[in-house]
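*Asks:* Data file protein-v3.txt (compact mmCIF, C-alpha atoms) is appended below.
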```txt
# COMPACT_ATOMS: atom_id res chain seq x y z
CA MET Y 1 -12.78 19.98 -26.44
CA GLU Y 2 -10.43 20.57 -23.52
CA ASN Y 3 -11.12 18.52 -20.42
CA ARG Y 4 -11.16 20.79 -17.40
CA LYS Y 5 -10.67 19.49 -13.89
CA ASN Y 6 -12.85 20.76 -11.08
CA PHE Y 7 -11.10 21.18 -7.74
CA PHE Y 8 -12.73 20.82 -4.36
CA HIS Y 9 -11.54 20.90 -0.77
CA LEU Y 10 -11.55 17.65 1.20
CA HIS Y 11 -11.06 18.04 4.95
CA LEU Y 12 -9.89 14.91 6.81
CA ILE Y 13 -10.08 15.22 10.60
CA SER Y 14 -8.84 12.48 12.92
CA ASP Y 15 -8.08 12.01 16.60
CA SER Y 16 -5.38 9.53 15.53
CA THR Y 17 -2.94 9.40 12.60
CA GLY Y 18 -5.54 9.95 9.87
CA GLU Y 19 -4.43 6.95 7.81
CA THR Y 20 -7.93 5.46 7.69
CA LEU Y 21 -9.42 8.74 6.50
CA ILE Y 22 -6.77 9.34 3.86
CA SER Y 23 -7.37 5.88 2.39
CA ALA Y 24 -11.15 6.31 2.44
CA GLY Y 25 -11.03 9.81 0.99
CA ARG Y 26 -8.70 8.86 -1.84
CA ALA Y 27 -10.66 5.71 -2.65
CA ALA Y 28 -13.83 7.79 -3.04
CA SER Y 29 -12.12 10.64 -4.91
CA ALA Y 30 -10.65 8.22 -7.44
CA GLN Y 31 -14.18 7.46 -8.68
CA PHE Y 32 -14.68 11.05 -9.85
CA HIS Y 33 -12.27 11.63 -12.72
CA SER Y 34 -13.44 15.16 -13.52
CA SER Y 35 -12.81 16.41 -9.99
CA VAL Y 36 -9.58 16.67 -8.02
CA ALA Y 37 -9.50 16.81 -4.23
CA ILE Y 38 -7.33 19.34 -2.44
CA GLU Y 39 -6.64 17.43 0.75
CA HIS Y 40 -6.42 19.07 4.16
CA VAL Y 41 -5.37 16.53 6.80
CA TYR Y 42 -5.74 17.30 10.50
CA PRO Y 43 -4.37 14.43 12.65
CA LEU Y 44 -4.38 14.09 16.44
CA ILE Y 45 -7.36 16.42 17.01
CA ARG Y 46 -8.30 15.59 20.61
CA ASN Y 47 -9.60 18.71 22.32
CA LYS Y 48 -11.94 21.64 21.70
CA ARG Y 49 -9.14 24.15 21.15
CA GLN Y 50 -7.62 22.07 18.37
CA LEU Y 51 -11.00 21.45 16.77
CA THR Y 52 -11.86 25.16 16.84
CA ALA Y 53 -8.72 25.93 14.82
CA VAL Y 54 -9.68 23.23 12.32
CA LEU Y 55 -13.21 24.64 11.98
CA GLU Y 56 -11.78 28.09 11.25
CA ALA Y 57 -9.65 26.56 8.47
CA ILE Y 58 -12.71 24.77 7.04
CA ASP Y 59 -14.68 28.03 7.08
CA GLN Y 60 -11.93 29.65 4.99
CA GLU Y 61 -11.92 26.82 2.41
CA PRO Y 62 -15.31 25.03 2.51
CA GLY Y 63 -15.65 21.49 1.21
CA ILE Y 64 -16.46 17.92 2.13
CA VAL Y 65 -15.60 16.94 5.71
CA LEU Y 66 -14.69 13.36 6.65
CA TYR Y 67 -13.74 12.54 10.21
CA THR Y 68 -12.91 9.83 12.71
CA ILE Y 69 -13.36 11.24 16.20
CA VAL Y 70 -14.49 8.91 18.95
CA ASP Y 71 -15.13 11.62 21.55
CA ARG Y 72 -18.87 12.22 21.25
CA GLU Y 73 -18.76 15.85 22.47
CA LEU Y 74 -16.12 16.79 19.88
CA ALA Y 75 -17.94 14.91 17.13
CA ASP Y 76 -21.22 16.68 17.95
CA LEU Y 77 -19.45 20.07 17.90
CA LEU Y 78 -17.94 19.32 14.51
CA GLU Y 79 -21.27 18.16 13.10
CA SER Y 80 -23.21 21.18 14.37
CA ARG Y 81 -20.67 23.74 13.13
CA CYS Y 82 -20.51 22.11 9.69
CA ARG Y 83 -24.31 22.15 9.49
CA GLU Y 84 -24.21 25.89 10.20
CA MET Y 85 -21.74 26.29 7.32
CA GLY Y 86 -23.90 24.12 5.07
CA LEU Y 87 -21.15 21.53 4.58
CA PRO Y 88 -21.57 17.74 4.30
CA THR Y 89 -19.88 15.69 7.02
CA VAL Y 90 -19.36 11.95 7.34
CA ASN Y 91 -18.15 10.04 10.39
CA VAL Y 92 -16.33 7.32 8.46
CA LEU Y 93 -16.14 4.78 11.30
CA GLU Y 94 -19.55 5.28 12.92
CA PRO Y 95 -21.64 3.10 10.52
CA VAL Y 96 -19.07 0.31 10.79
CA MET Y 97 -18.98 0.55 14.60
CA ALA Y 98 -22.78 0.48 14.72
CA ILE Y 99 -22.81 -2.80 12.77
CA PHE Y 100 -20.18 -4.27 15.11
CA GLN Y 101 -22.16 -3.22 18.19
CA THR Y 102 -25.40 -4.69 16.84
CA TYR Y 103 -23.80 -7.98 15.85
CA LEU Y 104 -21.62 -8.37 18.95
CA GLY Y 105 -24.21 -7.07 21.37
CA ALA Y 106 -21.69 -4.86 23.13
CA PRO Y 107 -20.74 -1.17 22.98
CA SER Y 108 -17.35 -0.07 21.65
CA ARG Y 109 -14.70 1.20 24.04
CA ARG Y 110 -14.31 4.42 22.00
CA ARG Y 111 -10.58 4.46 22.70
CA VAL Y 112 -8.52 6.87 20.58
CA GLY Y 113 -5.91 5.19 18.38
CA ALA Y 114 -6.89 1.69 19.51
CA GLN Y 115 -5.66 0.20 16.22
CA HIS Y 116 -2.15 1.49 16.93
CA ALA Y 117 -1.68 -0.26 20.27
CA LEU Y 118 1.70 -1.95 20.85
CA THR Y 119 0.36 -5.47 20.54
CA ALA Y 120 2.06 -8.69 19.52
CA GLU Y 121 0.68 -8.09 16.01
CA TYR Y 122 2.40 -4.69 15.90
CA PHE Y 123 5.77 -6.15 16.84
CA ALA Y 124 5.27 -8.94 14.29
CA ARG Y 125 4.90 -6.27 11.61
CA ILE Y 126 8.11 -4.60 12.73
CA GLU Y 127 9.91 -7.94 12.64
CA ALA Y 128 8.54 -8.60 9.14
CA LEU Y 129 9.74 -5.19 7.95
CA ASN Y 130 13.23 -5.77 9.35
CA PHE Y 131 13.38 -9.20 7.72
CA THR Y 132 12.20 -7.83 4.39
CA MET Y 133 14.72 -4.98 4.32
CA ASP Y 134 17.52 -7.41 5.20
CA HIS Y 135 16.50 -9.79 2.40
CA ASP Y 136 15.96 -7.30 -0.41
CA ASP Y 137 17.41 -8.09 -3.86
CA GLY Y 138 18.90 -11.47 -2.95
CA GLN Y 139 20.62 -10.48 0.28
CA LEU Y 140 21.22 -13.06 3.05
CA PRO Y 141 20.20 -16.05 0.90
CA GLY Y 142 20.74 -18.56 3.71
CA ASP Y 143 17.56 -17.47 5.51
CA TYR Y 144 14.88 -18.10 2.88
CA ASP Y 145 13.20 -20.84 4.91
CA GLU Y 146 12.40 -18.20 7.53
CA ALA Y 147 10.36 -16.20 5.00
CA ASP Y 148 6.61 -16.41 4.52
CA VAL Y 149 6.88 -15.32 0.89
CA VAL Y 150 9.75 -15.07 -1.60
CA LEU Y 151 9.25 -13.03 -4.77
CA VAL Y 152 11.37 -13.77 -7.84
CA GLY Y 153 11.51 -11.86 -11.11
CA ILE Y 154 13.66 -9.95 -13.54
CA SER Y 155 14.62 -6.34 -12.88
CA ARG Y 156 11.77 -3.82 -12.60
CA THR Y 157 8.91 -6.17 -11.84
CA SER Y 158 8.05 -4.36 -8.57
CA LYS Y 159 9.61 -6.98 -6.28
CA THR Y 160 10.89 -4.55 -3.64
CA PRO Y 161 7.79 -2.32 -3.21
CA THR Y 162 5.54 -5.38 -3.16
CA SER Y 163 7.78 -6.99 -0.54
CA ILE Y 164 7.61 -3.89 1.66
CA TYR Y 165 3.83 -3.68 1.29
CA LEU Y 166 3.46 -7.32 2.35
CA ALA Y 167 5.83 -6.74 5.28
CA ASN Y 168 3.57 -3.92 6.45
CA ARG Y 169 0.88 -6.58 6.76
CA GLY Y 170 3.17 -8.74 8.90
CA ILE Y 171 4.28 -11.07 6.07
CA LYS Y 172 8.02 -11.74 6.11
CA THR Y 173 9.00 -11.36 2.46
CA ALA Y 174 12.29 -11.80 0.61
CA ASN Y 175 12.91 -11.04 -3.05
CA VAL Y 176 15.42 -12.53 -5.45
CA PRO Y 177 16.39 -11.20 -8.88
CA ILE Y 178 16.29 -13.52 -11.88
CA VAL Y 179 19.21 -12.93 -14.25
CA CYS Y 180 19.68 -14.94 -17.44
CA GLY Y 181 22.35 -17.58 -17.01
CA VAL Y 182 22.77 -16.95 -13.28
CA PRO Y 183 21.56 -19.90 -11.15
CA LEU Y 184 19.20 -19.18 -8.28
CA PRO Y 185 20.53 -19.81 -4.75
CA GLU Y 186 20.35 -23.45 -3.70
CA SER Y 187 18.84 -22.31 -0.39
CA LEU Y 188 15.86 -20.95 -2.34
CA LEU Y 189 15.39 -24.12 -4.37
CA SER Y 190 15.46 -26.27 -1.23
CA ALA Y 191 13.22 -23.98 0.87
CA THR Y 192 10.02 -25.67 2.02
CA LYS Y 193 8.27 -23.04 4.14
CA PRO Y 194 7.79 -19.94 1.94
CA LEU Y 195 5.36 -19.39 -0.89
CA ILE Y 196 7.58 -18.58 -3.88
CA VAL Y 197 5.92 -16.39 -6.52
CA GLY Y 198 7.25 -15.17 -9.85
CA LEU Y 199 6.45 -11.60 -10.96
CA ILE Y 200 6.37 -10.76 -14.66
CA ALA Y 201 5.19 -7.92 -16.89
CA THR Y 202 5.10 -7.11 -20.59
CA SER Y 203 8.33 -6.23 -22.39
CA ASP Y 204 6.92 -2.78 -23.21
CA ARG Y 205 6.11 -2.03 -19.58
CA ILE Y 206 9.50 -3.18 -18.28
CA SER Y 207 11.35 -1.26 -21.00
CA GLN Y 208 9.44 1.88 -20.09
CA VAL Y 209 10.21 1.55 -16.38
CA ARG Y 210 13.85 0.69 -17.01
CA GLY Y 211 14.20 3.70 -19.30
CA ASN Y 212 13.43 5.93 -16.33
CA ARG Y 213 16.08 4.29 -14.16
CA GLU Y 214 19.48 5.93 -14.10
CA LEU Y 215 22.26 3.35 -14.04
CA GLY Y 216 24.73 5.11 -16.28
CA THR Y 217 27.48 5.10 -13.68
CA THR Y 218 27.28 1.35 -13.06
CA SER Y 219 30.40 -0.46 -14.24
CA GLY Y 220 29.78 -2.35 -17.49
CA PHE Y 221 26.20 -1.12 -17.71
CA ASP Y 222 24.68 -0.94 -21.20
CA GLN Y 223 21.48 1.08 -21.27
CA ARG Y 224 20.57 -0.24 -24.74
CA ASP Y 225 20.56 -3.89 -23.64
CA TYR Y 226 18.80 -2.99 -20.43
CA THR Y 227 15.84 -1.37 -22.19
CA ASP Y 228 15.86 -3.40 -25.44
CA ARG Y 229 12.49 -5.14 -25.78
CA ALA Y 230 13.96 -8.20 -27.49
CA SER Y 231 16.46 -8.67 -24.65
CA ILE Y 232 13.71 -8.21 -22.08
CA ALA Y 233 11.57 -10.80 -23.88
CA GLU Y 234 14.43 -13.29 -23.50
CA GLU Y 235 14.72 -12.47 -19.80
CA LEU Y 236 10.99 -13.00 -19.35
CA LYS Y 237 11.14 -16.29 -21.24
CA TYR Y 238 13.93 -17.46 -18.93
CA ALA Y 239 11.94 -16.37 -15.85
CA ARG Y 240 8.83 -18.21 -17.04
CA LEU Y 241 10.82 -21.38 -17.67
CA LEU Y 242 12.35 -21.24 -14.17
CA CYS Y 243 8.97 -20.78 -12.51
CA ALA Y 244 7.39 -23.55 -14.59
CA ARG Y 245 10.26 -25.90 -13.76
CA HIS Y 246 9.76 -25.37 -10.02
CA ASN Y 247 5.97 -25.08 -10.17
CA TRP Y 248 6.00 -21.52 -8.82
CA PRO Y 249 2.87 -19.46 -9.57
CA LEU Y 250 3.24 -16.38 -11.78
CA ILE Y 251 1.56 -13.00 -11.39
CA ASP Y 252 1.54 -10.47 -14.23
CA VAL Y 253 1.99 -7.03 -12.65
CA THR Y 254 1.64 -5.03 -15.89
CA ARG Y 255 -1.73 -3.53 -15.01
CA ARG Y 256 -1.74 -4.20 -11.28
CA SER Y 257 -1.04 -1.74 -8.52
CA ILE Y 258 1.27 -2.83 -5.70
CA GLU Y 259 -1.80 -3.31 -3.51
CA GLU Y 260 -3.49 -5.54 -6.10
CA THR Y 261 -0.36 -7.64 -6.55
CA ALA Y 262 -0.05 -8.06 -2.78
CA ALA Y 263 -3.73 -9.05 -2.53
CA ALA Y 264 -3.20 -11.71 -5.21
CA ILE Y 265 -0.22 -13.10 -3.27
CA VAL Y 266 -2.20 -13.22 -0.03
CA ALA Y 267 -4.98 -15.05 -1.89
CA LEU Y 268 -2.43 -17.58 -3.15
CA LYS Y 269 -1.19 -18.12 0.41
CA VAL Y 270 -4.72 -18.90 1.57
CA LYS Y 271 -5.42 -21.12 -1.43
CA LEU Y 272 -2.20 -23.13 -1.13
CA ARG Y 273 -2.20 -23.36 2.66
```
Kindly present the structure from the file in structure tokens form.
*Replies:*
Amino acid sequence: MENRKNFFHLHLISDSTGETLISAGRAASAQFHSSVAIEHVYPLIRNKRQLTAVLEAIDQEPGIVLYTIVDRELADLLESRCREMGLPTVNVLEPVMAIFQTYLGAPSRRRVGAQHALTAEYFARIEALNFTMDHDDGQLPGDYDEADVVLVGISRTSKTPTSIYLANRGIKTANVPIVCGVPLPESLLSATKPLIVGLIATSDRISQVRGNRELGTTSGFDQRDYTDRASIAEELKYARLLCARHNWPLIDVTRRSIEETAAAIVALKVKLR
């Protein structure tokens, strides 16, 4: 029997960038495999005129409404109009803010975009991103002791995207490729500050990912060796031996998302602190 997907409209309304809503909406949608959300994102909605246009769009394509609007008058208008249309609405931040207010015994400031203020933490994230981009794929090896984390692994073990994700959390991350027979930089082996983590995956997974990578114009490149499972198994064996020799923890990324891999690395940092 053919599996048919049901589609529904998901309206995400924010007075800021909408990142919080998008994450919340997708996390919830992922739990309903038979239904697919058609997302409508409305960022920077901060006055009645803008909200009226959004409400007209919702009326044309009714669905679930999630919002983060701190202005009480605008939030009340949105709620009342959606009730008239018979549509469910959820203020994603309000229950969380209520808990904070109860526990802290103080009201929130209700300042739009407060999480995006140009604080020291924000500039630390920018610095981490710059560091990570400069130290991608073994670049600038003399600076590894300035890193918080260094990821090592053979080709196609998600080193770069994981590094960038960690940098977005303010963690200065470098990544270094492991190539059979090629010694790792001495500056990495002598580094004392960073957490060094090896990333591995199954031969089948790496072969599949490598097969989708176009390197045919690279001088001396042999696609057969690059995707051959036996060759990959040897590369993985070499990577495991290196990590065992230096007592570096290993994370298998075969069935992990980038976010899950990053969370495991952060947990290691806390554990080994």
*Asks:* Could you jot down the atom CA of Y:Glu39 to atom CA of Y:Pro95 separation for me, Å, one decimal place?
*Replies:*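 Straight-line distance from atom CA of Y:Glu39 to atom CA of Y:Pro95 works out to 22.9 Å.
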*Asks:* Compile the contact shell of Y:Lys172 as a ChimeraX atom specification: residues with an atom at most 6 Å away, counting all atoms listed in the file, same-chain residues fewer than 4 positions apart removed.
*Replies:* /Y:128,132,147-148,167
*Asks:* Can you list every residue of stretch 58-173 of chain Y that has an atom at most 10 Å from stretch 181-185 of chain Y, with its nearest atom pair and the distance in Å to one decimal, using all atoms listed in the file, ordered by chain then number, as JSON lines?
*Replies:*
```
{"residue": "Y:Gly138", "atom": "CA", "partner": "Y:Pro185", "partner_atom": "CA", "distance": 8.7}
{"residue": "Y:Pro141", "atom": "CA", "partner": "Y:Pro185", "partner_atom": "CA", "distance": 6.8}
{"residue": "Y:Gly142", "atom": "CA", "partner": "Y:Pro185", "partner_atom": "CA", "distance": 8.6}
{"residue": "Y:Tyr144", "atom": "CA", "partner": "Y:Pro185", "partner_atom": "CA", "distance": 9.6}
{"residue": "Y:Val152", "atom": "CA", "partner": "Y:Leu184", "partner_atom": "CA", "distance": 9.5}
```
*Asks:* List as an MDAnalysis selection string the residues having at least one atom at most 10 Å from position (-8.4, 9.8, 11.6) as given in the file, counting all atoms listed in the file.
*Replies:* chainID Y and resid 12:22 41:45 66:70 91:93 112:113
*Asks:* Residues at most 7 Å from stretch 200-205 of chain Y, counting only C-alpha atoms, excluding those fewer than 2 positions away in the same chain, as a ChimeraX atom specification?
*Replies:* /Y:153,157,198,207-209,229,232-233,236,251-254
*Asks:* Those selected residues, please, written with C-alpha atoms and delivered as a PDB file, keeping the file's coordinate frame.
*Replies:*
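Output saved as selection_1.pdb:
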```
ATOM      1  CA  GLY Y 153      11.510 -11.860 -11.110  1.00  0.00           C
ATOM      2  CA  THR Y 157       8.910  -6.170 -11.840  1.00  0.00           C
ATOM      3  CA  GLY Y 198       7.250 -15.170  -9.850  1.00  0.00           C
ATOM      4  CA  SER Y 207      11.350  -1.260 -21.000  1.00  0.00           C
ATOM      5  CA  GLN Y 208       9.440   1.880 -20.090  1.00  0.00           C
ATOM      6  CA  VAL Y 209      10.210   1.550 -16.380  1.00  0.00           C
ATOM      7  CA  ARG Y 229      12.490  -5.140 -25.780  1.00  0.00           C
ATOM      8  CA  ILE Y 232      13.710  -8.210 -22.080  1.00  0.00           C
ATOM      9  CA  ALA Y 233      11.570 -10.800 -23.880  1.00  0.00           C
ATOM     10  CA  LEU Y 236      10.990 -13.000 -19.350  1.00  0.00           C
ATOM     11  CA  ILE Y 251       1.560 -13.000 -11.390  1.00  0.00           C
ATOM     12  CA  ASP Y 252       1.540 -10.470 -14.230  1.00  0.00           C
ATOM     13  CA  VAL Y 253       1.990  -7.030 -12.650  1.00  0.00           C
ATOM     14  CA  THR Y 254       1.640  -5.030 -15.890  1.00  0.00           C
TER      15      THR Y 254
END
```
*Asks:* Which value, in Å to one decimal, gives the distance between atom CA of Y:His11 and atom CA of Y:Asp71?
*Replies:*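 If I compute the distance from atom CA of Y:His11 to atom CA of Y:Asp71, I get 18.3 Å.
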*Asks:* From the list Y:Ser257, Y:Thr192, Y:Gln31, Y:Thr89, which residue is nearest Y:Leu10 when using all atoms listed in the file?
*Replies:*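 Ranking Y:Ser257, Y:Thr192, Y:Gln31, Y:Thr89 by distance to Y:Leu10, first place goes to Y:Thr89.
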*Asks:* Looking at Y:Val197, Y:Cys243, Y:Ser80, Y:Ala230, which one is nearest to Y:Ala267, with distances taken over all atoms listed in the file?
*Replies:*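 Using all atoms listed in the file, the shortest distance to Y:Ala267 belongs to Y:Val197.
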